[in-house]
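Coordinates from entry.cif are shown below (mmCIF, C-alpha atoms).
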data_input
loop_
_atom_site.group_PDB
_atom_site.id
_atom_site.type_symbol
_atom_site.label_atom_id
_atom_site.label_comp_id
_atom_site.auth_asym_id
_atom_site.auth_seq_id
_atom_site.Cartn_x
_atom_site.Cartn_y
_atom_site.Cartn_z
ATOM 1 C CA MET A 81 107.002 118.883 91.219
ATOM 2 C CA SER A 82 104.789 121.663 92.545
ATOM 3 C CA GLU A 83 105.924 125.056 93.836
ATOM 4 C CA THR A 84 105.673 123.860 97.438
ATOM 5 C CA GLU A 85 108.058 120.989 96.785
ATOM 6 C CA ASN A 86 111.827 121.169 96.737
ATOM 7 C CA GLU A 87 114.307 118.538 95.739
ATOM 8 C CA PRO A 88 115.859 117.404 99.053
ATOM 9 C CA ASP A 89 119.544 117.767 99.741
ATOM 10 C CA TYR A 90 121.388 114.921 98.019
ATOM 11 C CA ARG A 91 122.544 113.528 101.366
ATOM 12 C CA PHE A 92 118.963 112.908 102.441
ATOM 13 C CA THR A 93 118.104 111.267 99.129
ATOM 14 C CA LEU A 94 121.071 108.928 99.390
ATOM 15 C CA ALA A 95 120.484 108.229 103.093
ATOM 16 C CA ASN A 96 116.870 107.316 102.305
ATOM 17 C CA GLU A 97 118.110 105.001 99.567
ATOM 18 C CA ARG A 98 120.580 103.308 101.927
ATOM 19 C CA THR A 99 117.841 102.833 104.505
ATOM 20 C CA PHE A 100 115.688 101.169 101.863
ATOM 21 C CA LEU A 101 118.585 98.871 100.985
ATOM 22 C CA ALA A 102 119.059 97.955 104.650
ATOM 23 C CA TRP A 103 115.376 96.990 104.831
ATOM 24 C CA MET A 104 115.749 94.937 101.664
ATOM 25 C CA ARG A 105 118.710 93.074 103.132
ATOM 26 C CA THR A 106 116.624 92.355 106.208
ATOM 27 C CA SER A 107 113.871 91.039 103.967
ATOM 28 C CA ILE A 108 116.353 88.867 102.048
ATOM 29 C CA ALA A 109 117.756 87.551 105.328
ATOM 30 C CA LEU A 110 114.254 86.569 106.444
ATOM 31 C CA LEU A 111 113.630 84.892 103.094
ATOM 32 C CA ALA A 112 116.880 82.958 103.405
ATOM 33 C CA GLY A 113 116.096 82.160 107.034
ATOM 34 C CA GLY A 114 112.686 80.798 106.143
ATOM 35 C CA ILE A 115 114.142 78.565 103.450
ATOM 36 C CA ALA A 116 116.959 77.416 105.714
ATOM 37 C CA LEU A 117 114.522 76.678 108.510
ATOM 38 C CA ARG A 118 112.392 74.532 106.251
ATOM 39 C CA GLU A 119 115.221 72.685 104.542
ATOM 40 C CA LEU A 120 118.098 72.511 107.001
ATOM 41 C CA VAL A 121 116.502 72.221 110.445
ATOM 42 C CA GLU A 122 115.393 68.891 111.879
ATOM 43 C CA PRO A 123 111.609 68.627 112.321
ATOM 44 C CA PHE A 124 110.260 69.643 115.721
ATOM 45 C CA SER A 125 108.211 67.250 117.806
ATOM 46 C CA VAL A 126 105.129 69.347 117.104
ATOM 47 C CA ARG A 127 103.904 68.431 113.687
ATOM 48 C CA GLY A 128 103.952 71.312 111.202
ATOM 49 C CA ALA A 129 105.753 73.692 113.545
ATOM 50 C CA ARG A 130 108.831 73.917 111.365
ATOM 51 C CA THR A 131 106.810 74.763 108.283
ATOM 52 C CA ALA A 132 104.728 77.261 110.233
ATOM 53 C CA LEU A 133 107.863 79.086 111.397
ATOM 54 C CA ALA A 134 109.261 79.065 107.870
ATOM 55 C CA VAL A 135 106.013 80.445 106.491
ATOM 56 C CA ALA A 136 106.015 83.155 109.169
ATOM 57 C CA ALA A 137 109.538 84.194 108.198
ATOM 58 C CA LEU A 138 108.618 84.267 104.517
ATOM 59 C CA ALA A 139 105.448 86.237 105.183
ATOM 60 C CA LEU A 140 107.369 88.771 107.252
ATOM 61 C CA SER A 141 109.935 89.005 104.474
ATOM 62 C CA LEU A 142 107.185 89.677 101.959
ATOM 63 C CA VAL A 143 105.647 92.396 104.109
ATOM 64 C CA LEU A 144 109.032 94.050 104.595
ATOM 65 C CA ALA A 145 109.813 93.963 100.880
ATOM 66 C CA VAL A 146 106.559 95.739 100.090
ATOM 67 C CA THR A 147 106.589 98.221 102.972
ATOM 68 C CA SER A 148 110.236 99.148 102.434
ATOM 69 C CA TYR A 149 109.415 100.383 98.955
ATOM 70 C CA THR A 150 106.336 102.302 100.055
ATOM 71 C CA ARG A 151 108.245 103.818 102.953
ATOM 72 C CA TRP A 152 111.105 104.868 100.690
ATOM 73 C CA ALA A 153 108.624 106.607 98.391
ATOM 74 C CA ARG A 154 106.724 108.253 101.276
ATOM 75 C CA VAL A 155 109.918 109.510 102.927
ATOM 76 C CA GLN A 156 111.136 110.945 99.634
ATOM 77 C CA GLU A 157 107.792 112.674 99.176
ATOM 78 C CA ALA A 158 107.785 114.029 102.740
ATOM 79 C CA MET A 159 111.298 115.419 102.322
ATOM 80 C CA ARG A 160 110.293 117.130 99.093
ATOM 81 C CA ARG A 161 107.357 118.786 100.818
ATOM 82 C CA GLY A 162 109.289 119.616 103.974
ATOM 83 C CA GLU A 163 106.867 117.601 106.085
ATOM 84 C CA PRO A 164 107.699 115.367 109.077
ATOM 85 C CA LEU A 165 108.846 111.904 108.116
ATOM 86 C CA PRO A 166 106.178 109.177 108.294
ATOM 87 C CA ARG A 167 106.266 106.791 111.216
ATOM 88 C CA PRO A 168 108.214 103.597 110.513
ATOM 89 C CA LEU A 169 105.476 100.977 110.824
ATOM 90 C CA ALA A 170 107.812 98.179 109.794
ATOM 91 C CA VAL A 171 109.982 98.614 112.897
ATOM 92 C CA PRO A 172 107.387 97.472 115.474
ATOM 93 C CA LEU A 173 106.154 94.876 113.016
ATOM 94 C CA LEU A 174 109.617 93.404 112.583
ATOM 95 C CA ALA A 175 110.371 93.508 116.298
ATOM 96 C CA THR A 176 107.071 91.834 117.158
ATOM 97 C CA GLY A 177 107.419 89.200 114.446
ATOM 98 C CA ILE A 178 110.972 88.249 115.333
ATOM 99 C CA THR A 179 110.149 88.181 119.044
ATOM 100 C CA ALA A 180 107.160 85.927 118.467
ATOM 101 C CA ALA A 181 109.041 83.608 116.111
ATOM 102 C CA GLY A 182 112.050 83.459 118.414
ATOM 103 C CA THR A 183 109.889 82.691 121.437
ATOM 104 C CA ALA A 184 108.020 79.991 119.562
ATOM 105 C CA ALA A 185 111.271 78.442 118.320
ATOM 106 C CA ALA A 186 112.767 78.507 121.819
ATOM 107 C CA LEU A 187 109.698 76.829 123.307
ATOM 108 C CA LEU A 188 109.708 74.174 120.594
ATOM 109 C CA ILE A 189 113.369 73.418 121.213
ATOM 110 C CA LEU A 190 113.029 73.395 124.994
ATOM 111 C CA PHE A 191 109.944 71.177 125.125
ATOM 112 C CA ALA A 192 110.797 68.957 122.190
ATOM 113 C CA MET B 7 141.714 123.962 115.593
ATOM 114 C CA ARG B 8 142.658 121.654 112.809
ATOM 115 C CA PRO B 9 140.287 121.946 109.870
ATOM 116 C CA GLU B 10 138.190 118.952 109.027
ATOM 117 C CA PRO B 11 139.872 116.734 106.460
ATOM 118 C CA ALA B 12 138.569 116.693 102.946
ATOM 119 C CA GLY B 13 135.924 114.062 102.579
ATOM 120 C CA GLY B 14 134.395 114.708 105.957
ATOM 121 C CA ASP B 15 131.051 116.339 106.413
ATOM 122 C CA GLY B 16 131.149 119.940 105.450
ATOM 123 C CA GLU B 17 133.496 119.456 102.552
ATOM 124 C CA GLU B 18 131.312 119.359 99.518
ATOM 125 C CA GLY B 19 133.701 117.666 97.139
ATOM 126 C CA GLY B 20 134.875 114.815 99.286
ATOM 127 C CA GLU B 21 131.548 114.330 100.981
ATOM 128 C CA ARG B 22 129.636 113.926 97.767
ATOM 129 C CA GLY B 23 132.110 111.288 96.699
ATOM 130 C CA LEU B 24 131.836 109.505 100.037
ATOM 131 C CA GLN B 25 128.047 109.643 100.089
ATOM 132 C CA ALA B 26 127.866 108.177 96.600
ATOM 133 C CA GLU B 27 130.476 105.572 97.496
ATOM 134 C CA ARG B 28 128.612 104.498 100.633
ATOM 135 C CA THR B 29 125.438 104.160 98.602
ATOM 136 C CA GLU B 30 127.272 102.119 95.978
ATOM 137 C CA LEU B 31 128.588 99.824 98.683
ATOM 138 C CA ALA B 32 125.089 99.401 100.090
ATOM 139 C CA TRP B 33 123.879 98.339 96.652
ATOM 140 C CA ILE B 34 126.797 95.919 96.328
ATOM 141 C CA ARG B 35 126.028 94.380 99.728
ATOM 142 C CA THR B 36 122.413 93.943 98.678
ATOM 143 C CA ALA B 37 123.429 92.357 95.377
ATOM 144 C CA LEU B 38 125.726 89.995 97.271
ATOM 145 C CA ALA B 39 122.850 89.065 99.576
ATOM 146 C CA CYS B 40 120.746 88.285 96.515
ATOM 147 C CA GLY B 41 123.574 86.128 95.182
ATOM 148 C CA GLY B 42 123.903 84.295 98.473
ATOM 149 C CA LEU B 43 120.208 83.601 98.355
ATOM 150 C CA THR B 44 120.720 81.670 95.110
ATOM 151 C CA LEU B 45 122.978 79.200 96.871
ATOM 152 C CA LEU B 46 120.428 78.651 99.590
ATOM 153 C CA THR B 47 117.403 78.284 97.338
ATOM 154 C CA GLY B 48 119.091 75.277 95.798
ATOM 155 C CA ARG B 49 118.273 73.549 99.058
ATOM 156 C CA LEU B 50 114.605 73.951 98.232
ATOM 157 C CA GLY B 51 115.109 71.261 95.643
ATOM 158 C CA GLY B 52 113.628 68.389 97.584
ATOM 159 C CA ASP B 53 110.684 66.120 97.286
ATOM 160 C CA ALA B 54 108.102 68.790 96.639
ATOM 161 C CA VAL B 55 110.126 71.215 94.532
ATOM 162 C CA PRO B 56 112.235 70.263 91.513
ATOM 163 C CA ALA B 57 115.806 71.454 91.909
ATOM 164 C CA PRO B 58 115.806 73.421 88.629
ATOM 165 C CA VAL B 59 112.782 75.382 89.815
ATOM 166 C CA ALA B 60 114.508 76.187 93.082
ATOM 167 C CA TYR B 61 117.682 77.301 91.357
ATOM 168 C CA ALA B 62 115.701 79.339 88.823
ATOM 169 C CA LEU B 63 113.954 81.138 91.683
ATOM 170 C CA GLY B 64 117.234 82.084 93.318
ATOM 171 C CA ALA B 65 118.884 82.990 90.038
ATOM 172 C CA ALA B 66 115.981 85.257 89.106
ATOM 173 C CA VAL B 67 116.294 87.191 92.364
ATOM 174 C CA ALA B 68 120.063 87.367 92.052
ATOM 175 C CA ALA B 69 119.917 88.556 88.454
ATOM 176 C CA THR B 70 117.308 91.195 89.230
ATOM 177 C CA GLY B 71 119.182 92.414 92.289
ATOM 178 C CA LEU B 72 122.409 92.593 90.325
ATOM 179 C CA ALA B 73 120.717 94.426 87.459
ATOM 180 C CA ALA B 74 119.141 96.943 89.828
ATOM 181 C CA ALA B 75 122.477 97.486 91.551
ATOM 182 C CA LEU B 76 124.277 97.973 88.235
ATOM 183 C CA VAL B 77 121.668 100.448 87.021
ATOM 184 C CA ARG B 78 121.912 102.504 90.195
ATOM 185 C CA ILE B 79 125.705 102.308 90.530
ATOM 186 C CA GLY B 80 126.021 103.400 86.911
ATOM 187 C CA ALA B 81 123.795 106.415 87.583
ATOM 188 C CA LEU B 82 125.748 107.303 90.727
ATOM 189 C CA ARG B 83 129.078 107.012 88.943
ATOM 190 C CA ARG B 84 127.894 109.160 86.064
ATOM 191 C CA ALA B 85 126.610 111.789 88.448
ATOM 192 C CA ALA B 86 129.685 111.597 90.654
ATOM 193 C CA GLY B 87 132.028 111.860 87.699
ATOM 194 C CA GLY B 88 132.135 115.575 88.339
ATOM 195 C CA PRO B 89 134.639 117.558 90.321
ATOM 196 C CA TRP B 90 133.634 116.157 93.695
ATOM 197 C CA ARG B 91 135.493 112.920 92.948
ATOM 198 C CA SER B 92 138.674 114.886 93.650
ATOM 199 C CA PRO B 93 138.469 116.302 97.174
ATOM 200 C CA PRO B 94 139.369 119.976 97.418
ATOM 201 C CA PRO B 95 142.733 120.802 99.009
ATOM 202 C CA LEU B 96 142.913 121.551 102.708
ATOM 203 C CA PRO B 97 143.068 125.244 103.534
ATOM 204 C CA PRO B 98 146.409 126.499 104.848
ATOM 205 C CA ALA B 99 147.029 126.154 108.563
ATOM 206 C CA GLY B 100 145.480 128.974 110.568
ATOM 207 C CA ALA B 101 143.084 129.936 107.840
ATOM 208 C CA SER B 102 139.452 129.808 108.720
ATOM 209 C CA PRO B 103 137.872 127.236 106.442
ATOM 210 C CA GLU B 104 135.044 128.662 104.415
ATOM 211 C CA PRO B 105 132.419 126.008 103.827
ATOM 212 C CA ALA B 106 131.285 125.480 100.304
ATOM 213 C CA PRO B 107 127.868 126.924 99.469
ATOM 214 C CA ALA B 108 126.264 123.517 99.048
ATOM 215 C CA ALA B 109 127.684 122.353 102.367
ATOM 216 C CA ARG B 110 125.963 125.251 104.087
ATOM 217 C CA ARG B 111 122.597 124.425 102.633
ATOM 218 C CA PRO B 112 121.404 122.025 105.319
ATOM 219 C CA SER B 113 122.243 124.522 108.062
ATOM 220 C CA SER B 114 119.884 127.079 106.579
ATOM 221 C CA SER B 115 116.981 125.357 108.295
ATOM 222 C CA SER B 116 118.930 123.932 111.195
ATOM 223 C CA PRO B 117 120.868 125.816 113.839
ATOM 224 C CA SER B 118 123.541 123.151 114.137
ATOM 225 C CA SER B 119 126.446 123.044 111.763
ATOM 226 C CA PRO B 120 126.430 120.129 109.340
ATOM 227 C CA SER B 121 130.100 119.496 110.092
ATOM 228 C CA SER B 122 129.282 118.668 113.695
ATOM 229 C CA SER B 123 127.389 115.494 112.944
ATOM 230 C CA SER B 124 127.726 112.728 110.456
ATOM 231 C CA SER B 125 124.013 112.599 109.732
ATOM 232 C CA PRO B 126 122.201 115.770 108.885
ATOM 233 C CA PRO B 127 118.854 116.341 110.570
ATOM 234 C CA PRO B 128 116.064 114.795 108.551
ATOM 235 C CA SER B 129 113.965 117.918 108.700
ATOM 236 C CA SER B 130 116.446 119.811 106.570
ATOM 237 C CA SER B 131 115.356 120.254 103.033
ATOM 238 C CA SER B 132 116.737 122.603 100.516
ATOM 239 C CA PRO B 133 116.942 122.909 96.783
ATOM 240 C CA SER B 134 119.982 121.194 95.408
ATOM 241 C CA SER B 135 120.994 122.142 91.920
ATOM 242 C CA SER B 136 123.025 119.016 91.277
ATOM 243 C CA PRO B 137 122.118 115.988 93.364
ATOM 244 C CA PRO B 138 124.266 112.909 92.619
ATOM 245 C CA ALA B 139 121.395 111.323 90.747
ATOM 246 C CA GLU B 140 117.658 111.337 90.509
ATOM 247 C CA PRO B 141 115.778 109.266 93.092
ATOM 248 C CA PRO B 142 116.247 105.685 91.864
ATOM 249 C CA ARG B 143 112.620 104.712 91.404
ATOM 250 C CA LEU B 144 113.423 102.070 88.763
ATOM 251 C CA ALA B 145 116.199 100.320 90.671
ATOM 252 C CA VAL B 146 114.368 100.496 93.986
ATOM 253 C CA GLY B 147 111.126 99.195 92.514
ATOM 254 C CA LEU B 148 112.899 96.428 90.615
ATOM 255 C CA LEU B 149 114.679 95.156 93.706
ATOM 256 C CA ALA B 150 111.605 95.312 95.941
ATOM 257 C CA ALA B 151 109.456 93.587 93.318
ATOM 258 C CA SER B 152 111.945 90.783 92.783
ATOM 259 C CA VAL B 153 112.291 90.005 96.481
ATOM 260 C CA ALA B 154 108.524 90.172 96.965
ATOM 261 C CA ALA B 155 108.028 87.826 94.015
ATOM 262 C CA ALA B 156 110.595 85.428 95.448
ATOM 263 C CA ASP B 157 108.738 85.502 98.754
ATOM 264 C CA LEU B 158 105.476 84.673 97.031
ATOM 265 C CA VAL B 159 107.020 81.825 95.044
ATOM 266 C CA ALA B 160 108.730 80.416 98.133
ATOM 267 C CA LEU B 161 105.471 80.583 100.065
ATOM 268 C CA ALA B 162 103.665 78.826 97.248
ATOM 269 C CA LEU B 163 106.341 76.149 97.085
ATOM 270 C CA LEU B 164 106.169 75.546 100.813
ATOM 271 C CA ALA B 165 102.405 75.338 100.698
ATOM 272 C CA ALA B 166 102.542 72.852 97.820
#
Turn this file's structure into C-alpha cells for me.
Amino acid sequence: MSETENEPDYRFTLANERTFLAWMRTSIALLAGGIALRELVEPFSVRGARTALAVAALALSLVLAVTSYTRWARVQEAMRRGEPLPRPLAVPLLATGITAAGTAAALLILFA
Amino acid sequence: MRPEPAGGDGEEGGERGLQAERTELAWIRTALACGGLTLLTGRLGGDAVPAPVAYALGAAVAATGLAAALVRIGALRRAAGGPWRSPPPLPPAGASPEPAPAARRPSSSSPSSPSSSSSPPPSSSSPSSSPPAEPPRLAVGLLAASVAAADLVALALLAA
C-alpha cells in the first residue's frame, strides 16, 4: 500500500463485500434459472427458443460472476485511494439482459 | 433525546458486531444459494448429460461456495472476537453521549453525522487501525471462480 492509500473504514470494506455477495446471488439465480428453463419448461413453438433463452441466462450469469469480482476489487482500490467509485457497468447490462429475455419469453408464450 | 441504542450506527462496539454479523449472514445466504443450485443441477441429468456429471457440477459449486463462506466467516469471527462483541453500556439518561473515536472517523470527511444514516457515504475513507478482517480476496475469488466455472460447464453441456 502506497503513502497515498489508506485502508478504508471497516464498514465500507464489509459493505463492498456484501454488495459482491448480492451480485453473486444474482448470478447464481440466473444460472439456476437457465438450467430450470432448459429442463423444466415445455418447449416453445419456435424451435430452439427455449435453449436460446437458457443460454442467454447462463451467459449473463457468467458475465455477472466475472464482473462482480472485478468490480469488488476496483471499488476496494478506489476506496483505498479516496477516488470516486467506478461506474457499475453490470447494472445496465443486467437490466437490459433481463428486459430482453423477459420480452422474448413473453412474446414466445403469447404467440405460441 | 434518547441516546441511540448500543448496536446502532455510531456505537462502535455494537456496530462492529452487527456489521460483521450482517456480512456473515450474506455469506450464509450465498452458500445456501449454492446448495440450492445442487438440487437443480440434478435436473440437467437428461439425455445429453449423465446424471452423475450434473450432480458433480452442482456439488462442486456448493462445496466451493460453502468453503469460501466458512473461510470468510471464520476470519470475521476471529476478528470480531474482540471487545465489540459486547456492546458498550448505554450512557446515563441526560448525559450527552460521546461517540467513540472510531465512530467519528467517517465524519471527518463528511459533514453529516454517521449516526444519522444507516449507510455511511461511500466517499468517506479513513485509516482504520483494526478493521474486522482483511479484504477477503481468497474467499471472494474462490466463489466468483466457482460460479463462473459452473456457468461455463453448464453452457458447454447445453451446447453438447
(request) Between CA of Thr131 (chain A) and CA of Leu144 (chain A), measure the distance and give it in Å to one decimal. (result)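 Rounded to one decimal, the two atoms are 19.8 Å apart.
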(request) Apply the PyMOL selection byres ((chain A) within 9 of (chain B)) to the structure shown and report the selected residues as a VMD selection string. (result) chain A and resid 86 to 95 97 to 98 100 to 102 104 to 105 107 to 109 111 to 112 114 to 116 118 to 120 131 134 to 135 138 to 139 141 to 146 148 to 149 152 to 153 156 159 to 165
(message) Quick one: residues within 12 Å of region 180-185 of chain A, only C-alpha atoms, excluding same-chain residues fewer than 3 positions away - as an MDAnalysis selection string?
(response) chainID A and resid 110 113:114 117 121 123:126 129:140 172:177 188:192
(request) Would you mind reading off the distance between CA of Leu76 (chain B) and CA of Ala158 (chain A), one decimal, in Å? (result) 27.2 Å
(request) Compare A:Asn96, A:Ile178, A:Glu85, A:Val171 by their minimum atom-to-atom distance to Arg154 (chain A), counting all atoms listed in the file, and give me the closest one. (result)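 For Arg154 (chain A), the nearest of the candidates is A:Asn96.
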(request) Please measure the separation of CA of Ala57 (chain B) and CA of Leu163 (chain B), giving the value in Å to one decimal. (result) 11.8 Å
Taking all atoms of region 25-38 of chain B that the file lists and extending 8 Å past them on each side, where is the centre of the axis-aligned box and how long are its edges? Answer in Å to one decimal, as JSON.
{"center_x": 126.4, "center_y": 99.8, "center_z": 98.0, "size_x": 24.1, "size_y": 35.6, "size_z": 21.3}
